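Peer 1: Sharing start.cif (mmCIF, C-alpha atoms, pLDDT in the B column; chains and numbers go by the auth columns) below.
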data_data
#
loop_
_atom_site.group_PDB
_atom_site.id
_atom_site.type_symbol
_atom_site.label_atom_id
_atom_site.label_comp_id
_atom_site.label_asym_id
_atom_site.label_seq_id
_atom_site.Cartn_x
_atom_site.Cartn_y
_atom_site.Cartn_z
_atom_site.B_iso_or_equiv
_atom_site.auth_seq_id
_atom_site.auth_asym_id
ATOM 1 C CA MET A 1 0.000 0.000 0.000 68.00 1 L
ATOM 2 C CA ILE A 2 2.695 2.437 0.966 79.00 2 L
ATOM 3 C CA THR A 3 4.648 1.762 -2.226 85.00 3 L
ATOM 4 C CA LEU A 4 1.606 2.426 -4.405 85.00 4 L
ATOM 5 C CA ALA A 5 0.877 5.663 -2.541 83.00 5 L
ATOM 6 C CA THR A 6 4.536 6.692 -2.836 87.00 6 L
ATOM 7 C CA GLN A 7 4.547 6.002 -6.569 90.00 7 L
ATOM 8 C CA HIS A 8 1.417 8.082 -6.986 90.00 8 L
ATOM 9 C CA ASP A 9 2.907 10.909 -4.921 91.00 9 L
ATOM 10 C CA GLN A 10 6.031 10.891 -7.073 92.00 10 L
ATOM 11 C CA LEU A 11 4.034 10.952 -10.307 94.00 11 L
ATOM 12 C CA ASP A 12 1.917 13.742 -8.898 94.00 12 L
ATOM 13 C CA ALA A 13 4.993 15.759 -7.871 94.00 13 L
ATOM 14 C CA ILE A 14 6.567 15.349 -11.317 95.00 14 L
ATOM 15 C CA TYR A 15 3.351 16.496 -12.950 97.00 15 L
ATOM 16 C CA ARG A 16 2.677 19.454 -10.674 96.00 16 L
ATOM 17 C CA GLN A 17 6.248 20.751 -10.455 96.00 17 L
ATOM 18 C CA SER A 18 7.669 20.026 -13.892 96.00 18 L
ATOM 19 C CA MET A 19 4.792 19.612 -16.322 97.00 19 L
ATOM 20 C CA LYS A 20 1.595 21.338 -15.254 97.00 20 L
ATOM 21 C CA PRO A 21 2.988 24.883 -15.742 96.00 21 L
ATOM 22 C CA TYR A 22 3.493 23.998 -19.439 96.00 22 L
ATOM 23 C CA VAL A 23 0.259 22.136 -20.220 96.00 23 L
ATOM 24 C CA ASP A 24 -1.113 24.921 -22.418 95.00 24 L
ATOM 25 C CA HIS A 25 2.165 26.521 -23.476 93.00 25 L
ATOM 26 C CA PRO A 26 2.257 26.885 -27.282 91.00 26 L
ATOM 27 C CA VAL A 27 5.811 25.492 -27.473 92.00 27 L
ATOM 28 C CA ARG A 28 5.800 23.310 -24.371 94.00 28 L
ATOM 29 C CA TYR A 29 8.118 20.870 -26.105 95.00 29 L
ATOM 30 C CA VAL A 30 10.888 23.489 -25.756 94.00 30 L
ATOM 31 C CA ALA A 31 9.635 25.626 -22.855 93.00 31 L
ATOM 32 C CA MET A 32 9.378 22.730 -20.389 95.00 32 L
ATOM 33 C CA PRO A 33 12.896 22.243 -19.000 94.00 33 L
ATOM 34 C CA PRO A 34 14.406 18.793 -18.659 96.00 34 L
ATOM 35 C CA VAL A 35 14.407 17.100 -15.272 95.00 35 L
ATOM 36 C CA LEU A 36 17.157 15.149 -13.594 93.00 36 L
ATOM 37 C CA PRO A 37 16.985 11.405 -14.332 91.00 37 L
ATOM 38 C CA LEU A 38 14.134 9.692 -12.522 91.00 38 L
ATOM 39 C CA GLY A 39 13.769 6.164 -11.231 82.00 39 L
ATOM 40 C CA ALA A 40 17.179 5.296 -9.819 77.00 40 L
ATOM 41 C CA HIS A 41 15.701 4.851 -6.343 80.00 41 L
ATOM 42 C CA ALA A 42 12.062 4.501 -7.300 78.00 42 L
ATOM 43 C CA PRO A 43 9.884 2.332 -5.072 81.00 43 L
ATOM 44 C CA ARG A 44 8.912 -1.060 -6.514 83.00 44 L
ATOM 45 C CA LEU A 45 5.784 -3.042 -5.792 77.00 45 L
ATOM 46 C CA ASP A 46 6.559 -6.375 -4.130 78.00 46 L
ATOM 47 C CA ILE A 47 4.197 -8.501 -6.200 75.00 47 L
ATOM 48 C CA GLU A 48 5.542 -11.753 -4.742 79.00 48 L
ATOM 49 C CA SER A 49 4.221 -10.779 -1.320 77.00 49 L
ATOM 50 C CA LEU A 50 0.723 -10.555 -2.791 77.00 50 L
ATOM 51 C CA VAL A 51 0.470 -13.982 -4.432 75.00 51 L
ATOM 52 C CA PHE A 52 -1.961 -15.006 -1.689 76.00 52 L
ATOM 53 C CA LEU A 53 -4.505 -12.927 -3.623 74.00 53 L
ATOM 54 C CA LEU A 54 -4.382 -15.483 -6.431 75.00 54 L
ATOM 55 C CA GLU A 55 -6.394 -17.804 -4.191 76.00 55 L
ATOM 56 C CA THR A 56 -9.161 -15.230 -3.642 76.00 56 L
ATOM 57 C CA ASP A 57 -11.931 -13.644 -5.652 77.00 57 L
ATOM 58 C CA ASP A 58 -9.585 -10.685 -6.116 74.00 58 L
ATOM 59 C CA ARG A 59 -6.963 -12.610 -8.122 78.00 59 L
ATOM 60 C CA LYS A 60 -7.168 -10.109 -10.995 86.00 60 L
ATOM 61 C CA LEU A 61 -5.730 -7.464 -8.693 85.00 61 L
ATOM 62 C CA VAL A 62 -2.289 -9.100 -8.818 85.00 62 L
ATOM 63 C CA ARG A 63 -2.179 -8.633 -12.590 86.00 63 L
ATOM 64 C CA GLU A 64 -3.469 -5.065 -12.236 90.00 64 L
ATOM 65 C CA LEU A 65 -0.660 -4.305 -9.799 90.00 65 L
ATOM 66 C CA MET A 66 1.898 -5.776 -12.199 89.00 66 L
ATOM 67 C CA VAL A 67 0.507 -3.628 -15.017 93.00 67 L
ATOM 68 C CA GLU A 68 0.550 -0.618 -12.706 93.00 68 L
ATOM 69 C CA GLN A 69 4.239 -1.134 -11.940 92.00 69 L
ATOM 70 C CA ASP A 70 4.898 -1.199 -15.687 94.00 70 L
ATOM 71 C CA ARG A 71 2.877 2.006 -16.189 96.00 71 L
ATOM 72 C CA TYR A 72 4.865 3.727 -13.459 95.00 72 L
ATOM 73 C CA ASP A 73 8.178 2.590 -14.981 95.00 73 L
ATOM 74 C CA LEU A 74 7.098 3.685 -18.479 97.00 74 L
ATOM 75 C CA ALA A 75 6.022 7.094 -17.200 97.00 75 L
ATOM 76 C CA LEU A 76 9.445 7.682 -15.654 97.00 76 L
ATOM 77 C CA GLN A 77 11.160 6.417 -18.803 97.00 77 L
ATOM 78 C CA ALA A 78 9.087 8.755 -20.992 98.00 78 L
ATOM 79 C CA VAL A 79 10.061 11.767 -18.881 97.00 79 L
ATOM 80 C CA ASN A 80 13.710 10.666 -18.853 97.00 80 L
ATOM 81 C CA GLN A 81 13.794 10.196 -22.631 98.00 81 L
ATOM 82 C CA ARG A 82 12.227 13.595 -23.243 98.00 82 L
ATOM 83 C CA SER A 83 14.638 15.237 -20.806 98.00 83 L
ATOM 84 C CA LYS A 84 17.625 13.571 -22.466 97.00 84 L
ATOM 85 C CA VAL A 85 16.649 14.826 -25.934 97.00 85 L
ATOM 86 C CA HIS A 86 16.000 18.314 -24.587 97.00 86 L
ATOM 87 C CA HIS A 87 19.233 18.471 -22.593 97.00 87 L
ATOM 88 C CA ASP A 88 21.599 16.697 -24.972 97.00 88 L
ATOM 89 C CA ILE A 89 20.347 17.943 -28.356 97.00 89 L
ATOM 90 C CA ALA A 90 17.912 20.875 -28.105 96.00 90 L
ATOM 91 C CA GLN A 91 19.743 22.955 -25.513 95.00 91 L
ATOM 92 C CA PRO A 92 23.087 22.917 -27.348 96.00 92 L
ATOM 93 C CA ARG A 93 21.371 23.979 -30.582 96.00 93 L
ATOM 94 C CA LEU A 94 19.522 26.771 -28.818 95.00 94 L
ATOM 95 C CA ALA A 95 22.727 27.916 -27.108 95.00 95 L
ATOM 96 C CA ALA A 96 24.630 27.861 -30.413 96.00 96 L
ATOM 97 C CA ALA A 97 21.925 30.115 -31.889 94.00 97 L
ATOM 98 C CA ASN A 98 22.249 32.421 -28.855 93.00 98 L
ATOM 99 C CA VAL A 99 18.663 31.711 -27.726 91.00 99 L
ATOM 100 C CA LYS A 100 18.485 32.337 -23.993 87.00 100 L
ATOM 101 C CA GLU A 101 16.295 30.386 -21.583 84.00 101 L
ATOM 102 C CA HIS A 102 12.809 31.927 -21.291 81.00 102 L
ATOM 103 C CA SER A 103 13.364 33.947 -24.458 82.00 103 L
ATOM 104 C CA VAL A 104 10.269 34.826 -26.417 84.00 104 L
ATOM 105 C CA ILE A 105 10.964 34.231 -30.080 86.00 105 L
ATOM 106 C CA PRO A 106 8.609 33.398 -32.930 89.00 106 L
ATOM 107 C CA ARG A 107 7.768 29.717 -33.243 90.00 107 L
ATOM 108 C CA GLU A 108 9.008 29.638 -36.830 92.00 108 L
ATOM 109 C CA GLU A 109 12.428 30.946 -35.780 92.00 109 L
ATOM 110 C CA LEU A 110 12.585 28.501 -32.887 91.00 110 L
ATOM 111 C CA GLU A 111 11.726 25.605 -35.180 92.00 111 L
ATOM 112 C CA GLU A 112 14.293 26.777 -37.723 94.00 112 L
ATOM 113 C CA VAL A 113 17.009 26.724 -35.042 95.00 113 L
ATOM 114 C CA LEU A 114 16.053 23.232 -33.912 96.00 114 L
ATOM 115 C CA GLY A 115 15.303 21.763 -37.322 96.00 115 L
ATOM 116 C CA PRO A 116 12.200 19.829 -38.359 95.00 116 L
ATOM 117 C CA THR A 117 13.407 16.413 -37.217 96.00 117 L
ATOM 118 C CA LEU A 118 14.240 17.571 -33.690 97.00 118 L
ATOM 119 C CA VAL A 119 10.993 19.534 -33.429 96.00 119 L
ATOM 120 C CA ILE A 120 9.009 16.397 -34.294 96.00 120 L
ATOM 121 C CA GLU A 121 11.068 14.284 -31.871 97.00 121 L
ATOM 122 C CA LEU A 122 10.679 16.801 -29.037 97.00 122 L
ATOM 123 C CA ARG A 123 6.935 17.202 -29.647 97.00 123 L
ATOM 124 C CA ARG A 124 6.399 13.457 -29.620 97.00 124 L
ATOM 125 C CA ALA A 125 8.606 12.915 -26.577 98.00 125 L
ATOM 126 C CA THR A 126 6.858 15.725 -24.692 98.00 126 L
ATOM 127 C CA ASP A 127 3.393 14.463 -25.648 97.00 127 L
ATOM 128 C CA HIS A 128 4.361 10.919 -24.599 98.00 128 L
ATOM 129 C CA ALA A 129 5.708 12.162 -21.270 98.00 129 L
ATOM 130 C CA PHE A 130 2.443 13.991 -20.582 98.00 130 L
ATOM 131 C CA GLU A 131 0.316 11.012 -21.656 98.00 131 L
ATOM 132 C CA HIS A 132 2.273 8.531 -19.549 97.00 132 L
ATOM 133 C CA ILE A 133 2.442 10.699 -16.419 97.00 133 L
ATOM 134 C CA GLU A 134 -1.215 11.740 -16.595 97.00 134 L
ATOM 135 C CA GLY A 135 -2.344 8.174 -17.310 96.00 135 L
ATOM 136 C CA ALA A 136 -0.200 6.644 -14.578 96.00 136 L
ATOM 137 C CA ARG A 137 -1.397 9.221 -12.026 95.00 137 L
ATOM 138 C CA LYS A 138 -5.002 8.267 -12.691 94.00 138 L
ATOM 139 C CA SER A 139 -4.488 4.521 -12.916 94.00 139 L
ATOM 140 C CA THR A 140 -2.290 4.399 -9.800 92.00 140 L
ATOM 141 C CA HIS A 141 -5.014 6.233 -7.905 90.00 141 L
ATOM 142 C CA ASP A 142 -7.699 3.820 -9.164 91.00 142 L
ATOM 143 C CA VAL A 143 -5.695 0.667 -8.437 89.00 143 L
ATOM 144 C CA ALA A 144 -4.712 1.954 -4.991 87.00 144 L
ATOM 145 C CA LYS A 145 -8.364 2.415 -4.105 86.00 145 L
ATOM 146 C CA ARG A 146 -9.229 -1.107 -5.331 85.00 146 L
ATOM 147 C CA PHE A 147 -6.252 -2.559 -3.475 85.00 147 L
ATOM 148 C CA SER A 148 -7.241 -0.744 -0.295 82.00 148 L
ATOM 149 C CA ALA A 149 -10.809 -2.031 -0.564 82.00 149 L
ATOM 150 C CA THR A 150 -9.542 -5.576 -1.153 82.00 150 L
ATOM 151 C CA MET A 151 -7.238 -5.452 1.865 80.00 151 L
ATOM 152 C CA ARG A 152 -10.020 -4.068 4.080 80.00 152 L
ATOM 153 C CA LYS A 153 -12.354 -6.817 2.846 81.00 153 L
ATOM 154 C CA ARG A 154 -9.736 -9.453 3.558 77.00 154 L
ATOM 155 C CA PHE A 155 -8.258 -8.123 6.822 77.00 155 L
ATOM 156 C CA GLY A 156 -10.897 -5.751 8.164 74.00 156 L
ATOM 157 C CA LYS A 157 -9.921 -2.731 10.213 65.00 157 L
ATOM 158 C CA LYS A 158 -6.405 -4.031 10.724 60.00 158 L
ATOM 159 C CA VAL A 159 -5.453 -2.453 7.391 55.00 159 L
ATOM 160 C CA VAL A 160 -3.992 1.005 7.573 51.00 160 L
ATOM 161 C CA TYR A 161 -3.596 2.713 4.247 52.00 161 L
ATOM 162 C CA LEU A 162 -1.377 5.740 4.394 49.00 162 L
ATOM 163 C CA GLY A 163 -1.981 8.030 1.501 52.00 163 L
ATOM 164 C CA LEU A 164 -5.528 7.292 0.346 45.00 164 L
ATOM 165 C CA ARG A 165 -6.825 10.692 1.419 43.00 165 L
ATOM 166 C CA GLU A 166 -3.931 12.340 -0.393 43.00 166 L
ATOM 167 C CA LEU A 167 -4.741 10.238 -3.446 41.00 167 L
ATOM 168 C CA ASP A 168 -8.349 11.379 -3.375 43.00 168 L
ATOM 169 C CA ARG A 169 -7.339 15.053 -3.129 42.00 169 L
ATOM 170 C CA SER A 170 -4.723 14.930 -5.863 43.00 170 L
ATOM 171 C CA ALA A 171 -6.685 13.064 -8.521 42.00 171 L
ATOM 172 C CA ASP A 172 -7.509 16.184 -10.542 44.00 172 L
#
Go ahead and express the file in the form of structure tokens.
Peer 2:
Amino acid sequence: MITLATQHDQLDAIYRQSMKPYVDHPVRYVAMPPVLPLGAHAPRLDIESLVFLLETDDRKLVRELMVEQDRYDLALQAVNQRSKVHHDIAQPRLAAANVKEHSVIPREELEEVLGPTLVIELRRATDHAFEHIEGARKSTHDVAKRFSATMRKRFGKKVVYLGLRELDRSAD
């Protein structure tokens, strides 16, 4: 439970701090700065400790948790890939063209500096990062609620789920 809540909190923090300010930005693929690599110390769901669920009516939950771990990993990978392209390729090109951070320049000029191939790559990488983070935030929230309900059904009031209230508040 705690791992799932922690994963959701991390996804939520990435979204709110690094992505949300650029949701409607006309050139978010350039305006959104890269982030430091994510996932090196990311929490992992211990699926093996939940195999007892395979012998219950909630056996599908084990698969859902496995899929959720994959969604979390893919979301971090998408952000990392986008950040790498931005940092390693886009920023040097912008610097070589003397484009300063937070500069306001026409989109056409910006795209000329970056070149059509990089613009397409950055747009796709940025869109994928948004899709994966937004999707994983929602699905982690949904699976955490189902998991919490399953554990309460199985163990009663002995189950303490840290984070569910936070999950409910942050699911915007």
Peer 1: I need the output of the PyMOL selection byres ((chain L and resi 35) around 9) for this file as a VMD selection string; which residues are they?
Peer 2: chain L and resid 14 18 33 to 34 36 to 38 79 to 80 82 to 84 87
Peer 1: Take the PyMOL selection byres ((chain L and resi 129-136) around 6), apply it to the structure above, and return the hits as an MDAnalysis selection string.
Peer 2: chainID L and resid 71:72 75 78:79 126:128 137:140
Peer 1: Hey, what's within 12 Å of Arg154 of chain L if we count all atoms listed in the file and toss same-chain stuff fewer than 2 positions away? As a list in words, please?
Peer 2: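 Using all atoms listed in the file, the neighbours found are Phe52, Leu53, Glu55, Thr56, Asp57, Asp58, Phe147, Ser148, Ala149, Thr150, Met151, Arg152, Gly156, Lys157, Lys158 and Val159 of chain L.
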Peer 1: Taking the file as shown, find all residues satisfying the PyMOL selection byres ((chain L and resi 12) around 9) and write them as an MDAnalysis selection string.
Peer 2: chainID L and resid 7:11 13:17 133:134 137 170:171
Peer 1: Next, write the just-selected residues to a file, as a compact mmCIF listing (two decimals), keeping the file's coordinate frame, keeping C-alpha atoms as the atom set.
Peer 2:
# COMPACT_ATOMS: atom_id res chain seq x y z
CA GLN L 7 4.55 6.00 -6.57
CA HIS L 8 1.42 8.08 -6.99
CA ASP L 9 2.91 10.91 -4.92
CA GLN L 10 6.03 10.89 -7.07
CA LEU L 11 4.03 10.95 -10.31
CA ALA L 13 4.99 15.76 -7.87
CA ILE L 14 6.57 15.35 -11.32
CA TYR L 15 3.35 16.50 -12.95
CA ARG L 16 2.68 19.45 -10.67
CA GLN L 17 6.25 20.75 -10.46
CA ILE L 133 2.44 10.70 -16.42
CA GLU L 134 -1.22 11.74 -16.60
CA ARG L 137 -1.40 9.22 -12.03
CA SER L 170 -4.72 14.93 -5.86
CA ALA L 171 -6.68 13.06 -8.52
Peer 1: Hey, can you pull every residue with an atom no more than 7 Å from (5.0, -0.9, -5.3), using all atoms listed in the file, and send it as a ChimeraX atom specification?
Peer 2: /L:3-4,43-46,69
Peer 1: Using only C-alpha atoms for the distances, tell me which of L:Leu65, L:Val104, L:Ala144, L:Leu118 is nearest to His25 of chain L.
Peer 2: L:Val104
Peer 1: What is the distance, in Å and to one decimal place, between atom CA of Ala125 of chain L and atom CA of Asp73 of chain L?
Peer 2: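 Answer for the atom CA of Ala125 of chain L to atom CA of Asp73 of chain L separation: 15.5 Å.
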Peer 1: For the atom pair atom CA of Thr6 of chain L and atom CA of Val143 of chain L, what is the interatomic distance in Å to one decimal place?
Peer 2: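 About the pair atom CA of Thr6 of chain L and atom CA of Val143 of chain L: they are 13.1 Å apart.
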Peer 1: In the coordinate frame of the file, compute which residues have an atom within 12 Å of (14.3, 30.2, -29.2) when using only C-alpha atoms, and state them as a PyMOL selection string.
Peer 2: chain L and resi 27-31+90-115+119
